[in-house]
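Participant: This is the structure I want to talk about, given as structure tokens.
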Amino acid sequence: MRTVALAGNPNCGKTTLFNRLTGQSQHVGNWAGVTVERREGRIEAAGERAVLVDLPGIYSLAAYTLEERVAREFLLGGQADAAVNILDGTSLERGLYLTLQLCELGTPMAVAVGMMDEVRAAGGGVDAARMEKLLGVPVVPVAARKGERVEELAAAALGRARVPPPPRYGEPLDGAIAEAARAVEGAVREPGRLRFYAAGLLEDPDAFKDRLRLTARQRWELRRIRASLERETGEDAASLIAGARYRLIERILREAVKTPPRPAGGTLTDRIDGAVLHRKLAFPIFLAAMAGMFGVCFGGPGLALKGWMERLLAGLSAGLSGWLPALGVSPPVSDLLVGGVLGGVGSVLTFLPQVALIFLCLTLLEECGYLSRAAFLMDLPLRRLGLTGKSFIPMLMGFGCTTPAVMAARTLGGERDRRLTILLTPYLPCSARFPIYALFAGVFFPRRQGLAVAALYLAGIAAMAAVGWFLRKGPYRGREAPFLMEFPPYRAPSLRNVLRNTGEKCGDFLRKAGTLIFAMSVLIWLLQHVDGGLRFTADPAASLFAQAGGALAPLFSPLGFGFREAAVALLAGLVSKEAVVSTLGVSLAGEGPLAGALAARFSPLSAAAFLVFCALYAPCVSALATMRRELHSTWRALAAALLQTAVAYAAALAVFQLGTLAQNLVGLL
């Protein structure tokens with residue numbers, strides 16, 4: 001089956017187009033050797049079928065970033081039979097630079113001019129026939145959000161894609177490129193890509209050192225050609241090539257694009273940014289947006305949905321408790337299914353509606369274009385930690401899940417910024433910790449649930465700031481990187497995209513509940529019913545669970561929760577943070593409803609200390625494994641986990657001991 005690559009800039013509508021072209025036939029994985037996400041799906045048109053591969057969003061094929069290297073290696077490796085280049089119709093000048101580079105590759109291609117609904121609404125237009133003549137490849141204007149002409153694009157990609165003629169930049173540049181092509185001809189196996197390699201080597205002599213084995217004579221000849229070109233033009237070769245491309249882009253825009261008139265009062269995006277980025281209004285708006293998100297997730301809507309899910313699971317548990325014995329299921333198996341599986345998995349599924357609301361809010365902020373502005377606003381505070389605003393987006397993802405947040409840090413330019421972001425992101429409470437917060441806040445602080453949860457999130461941020469300051473002044477002292485970020489225009493979120501993205505993230509949560517949490521629930525139940533001799537026991541005190549908890553419990557006595565069930569729940573939390581709730585649900589199942597059992601074991605003060613410890617201690621093994629891979633060091637990942645656990649222990653100790661001291665002083669008064 002043929003393979004078609006989908007290439008384009010970040011924020012150009014590439015993901016929306018990919019979803020439209022492939023529908024539900026998608027597979028998400030990683031590129032070989034790295035953890036940059038790889039998405040592929042199947043497309044079909046006019047009886048032809050192909051695999052569509054969504055390349056990482058890139059601005060050029062210069063290979064300065066990991067995403068650019070992944071995209072370039074895929075295209076140069078001959079894995080793509082054709083390519084579709086998606087352009088943002090509202091910002092063609094930026095996107096056409098990549099288009100011209102793709103034209104030099106010698107791969108059959110078609111061009112999609114996206115977001116045409118916005119272009120027309122602004123009074124602009126694109127002469128597709130003229131642009132097609134100038135580029136030499138099929139050009140299809142599309143509006144992927146509405147599905148406009150998407151099928152026509154699929155037909156063009158599978159049936160009409162053709163090798164474009166190489167762009168011509170005029171003399172003396174074309175002559176120098178031709179001379180460089182002759183110089184390296186023997187080292188290039190693909191004759192159709194000879195001009196691409198020649199231009200790239202003139203821009204950067206080390207551009208293809210991993211792909212081309214150039215002789216000393218060829219390298220000398222390239223240096224001579226480059227030096228001759230720079231003497232003749234009085235300009236650096238890389239700047240000369242970039243300038244020639246932009247002059248060709250200006251011609252394409254002049255002949256094939258109708259530029260919309262600029263509104264007298266500025267565009268809608270300009271007017272919104274006037275308030276969102278206002279010197280005095282920016283941070284109040286930012287805080288209001290964050291408060292609104294927390295209010296929806298942890299306030300009335302979230303609590304109402306959580307209550308509905310609790311009633312559903314309680315009814316299911318009661319039904320199974322009656323049906324299983326009636327069907328002849330033995331008591332141990334019945335107890336495993338009801339108390340172990342449903343008690344563990346169900347205690348996590350109770351919070352699915354609120355987790356879904358978190359993902360929904362984050363997706364809405366991303367879709368409407370506000371997230372990049374939030375990153376800009378957070379640049380100054382993050383500078384205090386030695387980071388830039390670019391770290392805000394991976395860190396914000398950390399509120400959803402630490403694992404992809406750590407992976408997202410690879411988009412940062414400098415190694416120092418990347419490592420600092422990876423080390424600090426786990427201090428931000430991920431959504432997997434939220435079930436713990438919601439459970440304990442509902443039991444011990446019912447009138448101030450939102451405030452209690454917000455305080456835990458602030459505790460995580462404060463701990464991150466403190467550790468960041470320490471790392472910045474110590475091991476990671478260094479020069480701060482400059483901050484440059486593109487602001488996409490504001491757009492009304494696409495309901496289709498919002499629901500799809502939220503559904504995918506909730507699906508990941510459910511898969512974890514259905515696999516890892518299920519396995520943990522069964523394991524905890526078995527540990528509760530097997531003794532040291534691996535014999536089944538009806539005495540909970542003789543179980544392996546009780547023995548392990550008993551060994552760990554003294555460590556937590558100074559924190560106010562020195563009993564084995566809490567200790568083993570925290571140990572299970574290293575596998576998955578949701579497992580803390582499921583483990584407590586299984587281990588305390590014999591003491592009645594979980595809320596009542598917790599109220600009998602914890603005081604409000606010890607519950608607060610437990611929450612602080614859960615908010616700050618080491619992330620799950622999945623996140624730790626990702627940290628080890630991204631940091632390229634096992635000891636760095638383990639040291640980070642130990643430091644985080646030590647911070648959690650110290651914070652929880654301070655909460656309980658200072659709280660106890662305050663209570664005693666109040667009692668004396």
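Ligands are numbered from 1 in the order shown, residues from 1 within each chain, and chains are lettered A, B, ... in the order they appear in the structure tokens.
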Can you pull out every residue within 8 Å of stretch 172-176 of chain A, counting only C-alpha atoms, but drop anything in the same chain fewer than 2 positions away, and send it as number ranges by chain?
Facilitator: A: 168-170, 178-180, 225-226, 229, 240-241
Participant: Could you dump the residues just selected with C-alpha atoms as a compact mmCIF listing (two decimals), in the first residue's frame?
Facilitator:
# COMPACT_ATOMS: atom_id res chain seq x y z
CA ARG A 168 14.32 28.77 -9.78
CA TYR A 169 15.95 31.60 -7.86
CA GLY A 170 17.90 33.32 -10.64
CA ALA A 178 23.98 23.45 -10.17
CA GLU A 179 27.77 23.51 -9.64
CA ALA A 180 27.35 22.13 -6.10
CA ILE A 225 31.69 27.21 -4.48
CA ARG A 226 30.21 28.69 -1.32
CA LEU A 229 29.10 32.79 -4.28
CA LEU A 240 21.13 34.50 0.12
CA ILE A 241 19.12 31.29 -0.32
Participant: If we count only C-alpha atoms and set the cut-off at 7 Å, which residues sit around stretch 298-312 of chain A, ignoring sequence neighbours fewer than 5 positions away in its own chain? Please answer as a PDB file with C-alpha atoms, in the first residue's frame.
Facilitator:
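Dumped to selection.pdb:
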ATOM      1  CA  THR A 350     -16.197   7.532  40.093  1.00  0.00           C
ATOM      2  CA  PHE A 351     -14.008  10.463  39.104  1.00  0.00           C
ATOM      3  CA  PRO A 353     -16.696  12.798  34.815  1.00  0.00           C
ATOM      4  CA  GLN A 354     -14.472  15.314  36.587  1.00  0.00           C
ATOM      5  CA  GLY A 450     -13.013  23.471  45.866  1.00  0.00           C
TER       6      GLY A 450
END
Participant: Excluding A:Met293 and residues on its chain fewer than 3 positions from it, collect all residues at most 10 Å away from it, counting only C-alpha atoms, and give them as number ranges by chain.
Facilitator: A: 287-290, 296-299, 357-358, 360-362, 365
Participant: Check stretch 90-212 of chain A with DSSP on the backbone and list each residue it calls helix (DSSP H, G or I), as an NGL selection string.
Facilitator: :A and (92-105 or 116-121 or 128-135 or 144-146 or 150-160 or 173-187 or 191-203)
Participant: Any idea what's packed within 10 Å of A:Leu324, counting only C-alpha atoms, ignoring anything in its chain fewer than 2 positions away? Could you give it as a PyMOL selection string?
Facilitator: chain A and resi 319-322+326-331+333-335+337-338
Participant: Could the residues in this selection be saved with C-alpha atoms as a PDB file, in the first residue's frame?
Facilitator:
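result.pdb, written as the output of this step:
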ATOM      1  CA  GLY A 319     -26.738  -6.003  42.067  1.00  0.00           C
ATOM      2  CA  LEU A 320     -23.607  -8.116  41.675  1.00  0.00           C
ATOM      3  CA  SER A 321     -23.561  -8.922  45.391  1.00  0.00           C
ATOM      4  CA  GLY A 322     -26.987 -10.536  44.971  1.00  0.00           C
ATOM      5  CA  ALA A 326     -27.553 -16.795  43.144  1.00  0.00           C
ATOM      6  CA  LEU A 327     -25.621 -17.967  40.072  1.00  0.00           C
ATOM      7  CA  GLY A 328     -23.575 -20.335  42.207  1.00  0.00           C
ATOM      8  CA  VAL A 329     -20.375 -18.322  42.257  1.00  0.00           C
ATOM      9  CA  SER A 330     -18.210 -19.251  45.244  1.00  0.00           C
ATOM     10  CA  PRO A 331     -17.833 -16.652  48.032  1.00  0.00           C
ATOM     11  CA  VAL A 333     -14.641 -15.386  43.698  1.00  0.00           C
ATOM     12  CA  SER A 334     -17.696 -13.245  44.428  1.00  0.00           C
ATOM     13  CA  ASP A 335     -15.687 -11.211  46.936  1.00  0.00           C
ATOM     14  CA  LEU A 337     -15.238  -9.526  41.705  1.00  0.00           C
ATOM     15  CA  VAL A 338     -17.256  -7.202  43.952  1.00  0.00           C
TER      16      VAL A 338
END
Participant: How far is it from atom CA of A:Ala110 to atom CA of A:Pro138, in Å with one decimal?
Facilitator: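 The value is 5.0 Å.
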Participant: Could you check which of A:Val443, A:Cys368, A:Ala318, A:Leu134 is closest to A:Asn11, using only C-alpha atoms?
Facilitator: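 So, comparing all the options, the nearest one is A:Cys368.
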